[in-house]
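*Asks:* Okay, handing you the structure first.
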Amino acid sequence: MSPIQQTLSAKEKYAKAVDPVASMNEERAKASFNIRDMTYLLDGGEKATALKERFMMELERDPLFKMDDFHDLSKSELRERTMEKFRSLLHHLQNESVEIFRKRMEVISMIDPGFWTRFGVHYGLFVGALQSNATSGQFAYWLEKGALSLNGMVGCFAMTEIGHGSNVPGLETTATFDEAADQFVIHTPTLTATKWWIGGAAHSATHASVFAQLIVKGKCYGTKCFIVPLRDPKTYNTLPGINIGDIGKKMGRDGIDNGYIQFTNVRIPRGYMLQKHTKVSRTGEVKEPKLQQLTYGALLQGRVAMVVDSGNVSKKALSIAIRYAAVRRQFANSKSGGVETKLLDYPIHQRRLMPLLAQTFAMLFTGSEMSEMYIKMMGRLESAKEGDKDLDEVIEMLKETHSTSAGLKAFCTWNCLNTIEQCRQACGGHGYSAYTGLAGMYQDFAVQCTWEGDNTILTLQAGRFLISSYREAMKGKKLSPGVGYLNKLDALIGKKCHVPSLDAILDPKVIIEGWQVVCANVVKNAALEFEACVKRGLDVDDAYEECSQSRLYAAKLHSYGYLFNRFADAIRKVEGNLQKVLLDVCMLYGLYTIEENAGAFLQYEYFTPQQMEFIRAKVNFYCKAVRDQAIPLVDAFNLSDYMINSPLGCADGNVYVKYFAQVQRQNPQGEHPYFDRLIKPLIHRNLDNNDDDFEDEQAGLEDEDEDDE
């Protein structure tokens, strides 16, 4: 063989070694489980996967859902395209069952979250408010008016005010009953009462479900829901007393026309107050039932959806970052023959991404359970009536679901937002490009941490529930399973991890017990702090505020333990190779979260310092184990290239070719946009010492003889 042939062969060998497509195939070949079976498990069965794949294909072929140019659209273009997509969805809405259409929207939420939100404002929030608050007759009336068919009306959800968000009972908008006219007068009494952030209000909504203080005969009965017409559906002119404006550009989701609304003595019929729960008669008699908590059913549904969405968006972000890490090479070691190392092979990169992958699986299984819990609860609530023997049990179920969903909504959306940012940073400089998808994903998702309840407020709400549960447990009440560990305080307080060997720690039962011990301690401490405040003379609300840091901490740790429990429960229902790989992922999540909260485990002495060192070492071990299955696990998410919409996350690994092609396609070369107007006057200014004809070919380079001197 000639030297030239040998050189060419070496080059070919190197090219094959660093070829990104070959690198991706190499990772895929490591699969120790059936990827398709894992997909079925995550989706909820083979039929659910087939349905999801059908939706992905239909949306990819629909010109209205073209997404590759999305990053270069203006705010106005985004809003117009968002409204165009309504056309495409109406056909499916009218011809699919509620369950099938909900699955379609779940897919859409990952493709275009702005449109999903805009569509959801009408069908999830506006129609949801009708379902939760209207009598059967009222609901039928608004359906006939076009609420479900989107015929003659478009709805929005007017709860938030510029001066009030999470504090729904403190809303300032008023709805005063005029008995003589049999009407309610909707009014914005102050600037801070202006309805704000109202999706669809700026340009598209004709009606709003308005939350306002019910005032009858001078007495305030709290926040209730009213349907208020905003615009004439034929001309789209605002109606008398309605002042609407656009709140402008936002951090993300600019396809939604968020606006503000002010009401100036706007009159609506008495029947436009939704009276499923609180009723106002023609003579001004107010009747409030025991189940008035159901007013916020639409919010509860939204919070459960955000837990599910957190898992789904995390899947998308990790698909990009992990696939990129499997083909991106950086620096060569002395034994590699010049072949650079994959990012995914660096232990520190595994530490950046593998715990997030494990956390995502935990959120996915938790989201599935939360959805089932919500559906079950709503079914019982729909059939519940005053006087039912199990009414108290139903209300307790509502309280637990409400508090659990509040804590998990906060915990999971915080986790997801952090996952997106960590994935962006893990992609290095390219992660900063809009075309790689992660920057826009972060901007779009960030709102989930503050809308439908600020995360800190919701976490405090969950902490308040934990303190209340502790106090009930101390009185002998049997608690619901989610906080059942508080019925075992005597056994948990002071308990230590007594295992025959360090390896015995690697058992989900030990980790579950550890979280129960830690959570029992922090909840107890928060409750004792609360009770001490009450003994000092503080009223209940002030006492809760005084111990807010303790209940925030308790709620966060409770959420860690709750997610691990749900993950471990899910694995017990799986067999074979799927169980084996999921057990590694579950152990990584459990041990990593213990390591992240080492202070609490050491403070309450469940683990010794030696045991914590062992746990830290095992986190590295499980990071490596999960890394070996990372690409198959990401493939099991079953997201098409269209859905991921990022060249760095393409399934075949050909990231550089696709990235370069997209940049060229979206930024075609042409005549310089501002040379004559800006650059030419700047660099060709008339300076006295500037000779335009002078050109030194040496460009100022010193003579070689001068360098030798």
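Lettering and numbering for the structure tokens are positional, with chains as A, B, ... in the shown order, residues counted from 1 in each chain, and ligands counted from 1 in the shown order.
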Give me, as a list in words, all polymer residues having an atom no more than 12 Å from Gln183 of chain A, counting only C-alpha atoms and skipping those fewer than 3 positions away in the same chain.

*Replies:*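 Residues meeting the cut-off are Ala175, Thr176, Phe177, Asp178, Glu179, Ala180, Ile186, Ile215, Val216, Phe226, Val228, Asn265, Val266, Arg267, Ile268, Pro269, Arg270, Gly271, Tyr272, Met273, Val280, Ser281, Arg282, Thr283 and Gly284 of chain A.
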
*Asks:* Do a neighbour search on Val21 of chain A at 9 Å with only C-alpha atoms, toss out local chain neighbours closer than 2 positions, and write the hits as an mmCIF file with C-alpha atoms, in the first residue's frame.

*Replies:*
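Below is the file that was written, selection_16.cif:
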data_model
loop_
_atom_site.group_PDB
_atom_site.id
_atom_site.type_symbol
_atom_site.label_atom_id
_atom_site.label_comp_id
_atom_site.auth_asym_id
_atom_site.auth_seq_id
_atom_site.Cartn_x
_atom_site.Cartn_y
_atom_site.Cartn_z
ATOM 1 C CA VAL A 18 -16.142 11.686 14.279
ATOM 2 C CA ASP A 19 -19.133 11.418 11.919
ATOM 3 C CA SER A 23 -21.915 8.543 16.625
ATOM 4 C CA MET A 24 -25.687 8.619 17.055
ATOM 5 C CA ASN A 25 -26.080 5.105 15.634
ATOM 6 C CA GLU A 26 -23.404 3.915 18.026
ATOM 7 C CA VAL A 327 -22.436 13.789 18.710
ATOM 8 C CA ASP A 652 -30.220 11.088 12.933
ATOM 9 C CA GLY A 653 -27.504 13.174 14.608
ATOM 10 C CA ASN A 654 -26.660 15.197 11.489
ATOM 11 C CA VAL A 655 -26.699 18.391 13.541
#

*Asks:* Env of segment 170-172 of chain A: 12 Å cut, atoms = only C-alpha atoms, seq-sep filter 5 positions within chain, self excluded. Answer as a PyMOL selection string.

*Replies:* chain A and resi 158-165+186-196+210-215+220-225+262-263

*Asks:* Counting only C-alpha atoms, what is within 12 Å of Glu596 of chain A, bar same-chain residues fewer than 5 positions away, as a ChimeraX atom specification?

*Replies:* /A:355,557,560,588-591,601-602,612,615-616,619

*Asks:* How would the residues just picked look written out with C-alpha atoms as a short mmCIF file (atom, residue, chain, number, x, y, z; two decimals), in the first residue's frame?

*Replies:*
data_model
loop_
_atom_site.label_atom_id
_atom_site.label_comp_id
_atom_site.auth_asym_id
_atom_site.auth_seq_id
_atom_site.Cartn_x
_atom_site.Cartn_y
_atom_site.Cartn_z
CA PRO A 355 -30.19 13.76 36.99
CA LEU A 557 -39.06 18.58 50.73
CA TYR A 560 -39.25 15.65 46.54
CA LEU A 588 -30.42 8.19 40.30
CA TYR A 589 -33.34 10.53 41.02
CA GLY A 590 -33.67 9.36 44.61
CA LEU A 591 -29.97 9.52 45.47
CA PHE A 601 -30.69 14.22 56.08
CA LEU A 602 -27.62 14.97 58.19
CA MET A 612 -23.78 10.43 52.58
CA ILE A 615 -24.58 8.17 48.27
CA ARG A 616 -22.50 10.84 46.55
CA VAL A 619 -24.80 9.27 42.14
#

*Asks:* One number please: atom CA of Ile322 of chain A to atom CA of Trp414 of chain A, in Å, one decimal.

*Replies:* 20.3 Å

*Asks:* Can you pull out the residues contacting Ala202 of chain A? Cut-off 8 Å, using only C-alpha atoms, and skip same-chain residues under 3 positions away; I want them as a list of chain:residue names.

*Replies:*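 Here the qualifying residues turn out to be A:Ile198, A:Gly199, A:Ala205, A:Ile244, A:Gly245, A:Asp246, A:Ile247, A:Asp257, A:Asn258, A:Gly259, A:Tyr260.
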
*Asks:* How would the residues just picked look written out with C-alpha atoms as a CSV table (one decimal), in the first residue's frame?

*Replies:*
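Saved result, out-v6.csv, follows:
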chain,number,residue,atom,x,y,z
A,198,ILE,CA,-56.2,38.8,29.9
A,199,GLY,CA,-55.4,36.4,27.0
A,205,ALA,CA,-62.5,38.1,22.6
A,244,ILE,CA,-59.8,47.5,26.3
A,245,GLY,CA,-56.1,47.8,25.4
A,246,ASP,CA,-53.1,45.8,24.4
A,247,ILE,CA,-50.5,45.2,27.1
A,257,ASP,CA,-53.1,39.0,22.4
A,258,ASN,CA,-52.9,39.7,26.1
A,259,GLY,CA,-54.8,42.9,27.0
A,260,TYR,CA,-56.4,44.9,29.8

*Asks:* Output as a VMD selection string all residues of segment 143-387 of chain A that backbone DSSP marks as strand (DSSP E or B).

*Replies:* chain A and resid 155 to 158 161 164 174 to 178 183 to 187 195 to 198 207 to 216 219 to 229 231 238 242 to 246 259 to 263 266 to 269 273 279 to 280 286 to 287 329 342

*Asks:* Compare A:Leu492, A:Ala140, A:Val339, A:Gly484 by their minimum atom-to-atom distance to Lys16 of chain A, counting only C-alpha atoms, and give me the closest one.

*Replies:* A:Val339

*Asks:* Under the rule that only C-alpha atoms are counted, which of A:Met373, A:Leu563, A:Leu89, A:Leu408 is the nearest residue to Val307 of chain A?

*Replies:*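 For Val307 of chain A, the nearest of the given residues is A:Leu408.
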
*Asks:* Excluding same-chain residues fewer than 6 positions from Asp309 of chain A, what lies within 10 Å of it counting only C-alpha atoms, as a ChimeraX atom specification?

*Replies:* /A:106,109-110,113,303,315,363-364,367,409,412-413,416,445,448

*Asks:* Between atom CA of Cys427 of chain A and atom CA of Phe564 of chain A, what distance in Å does the model show, to one decimal?

*Replies:*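 Value for the atom CA of Cys427 of chain A-atom CA of Phe564 of chain A distance: 28.2 Å.
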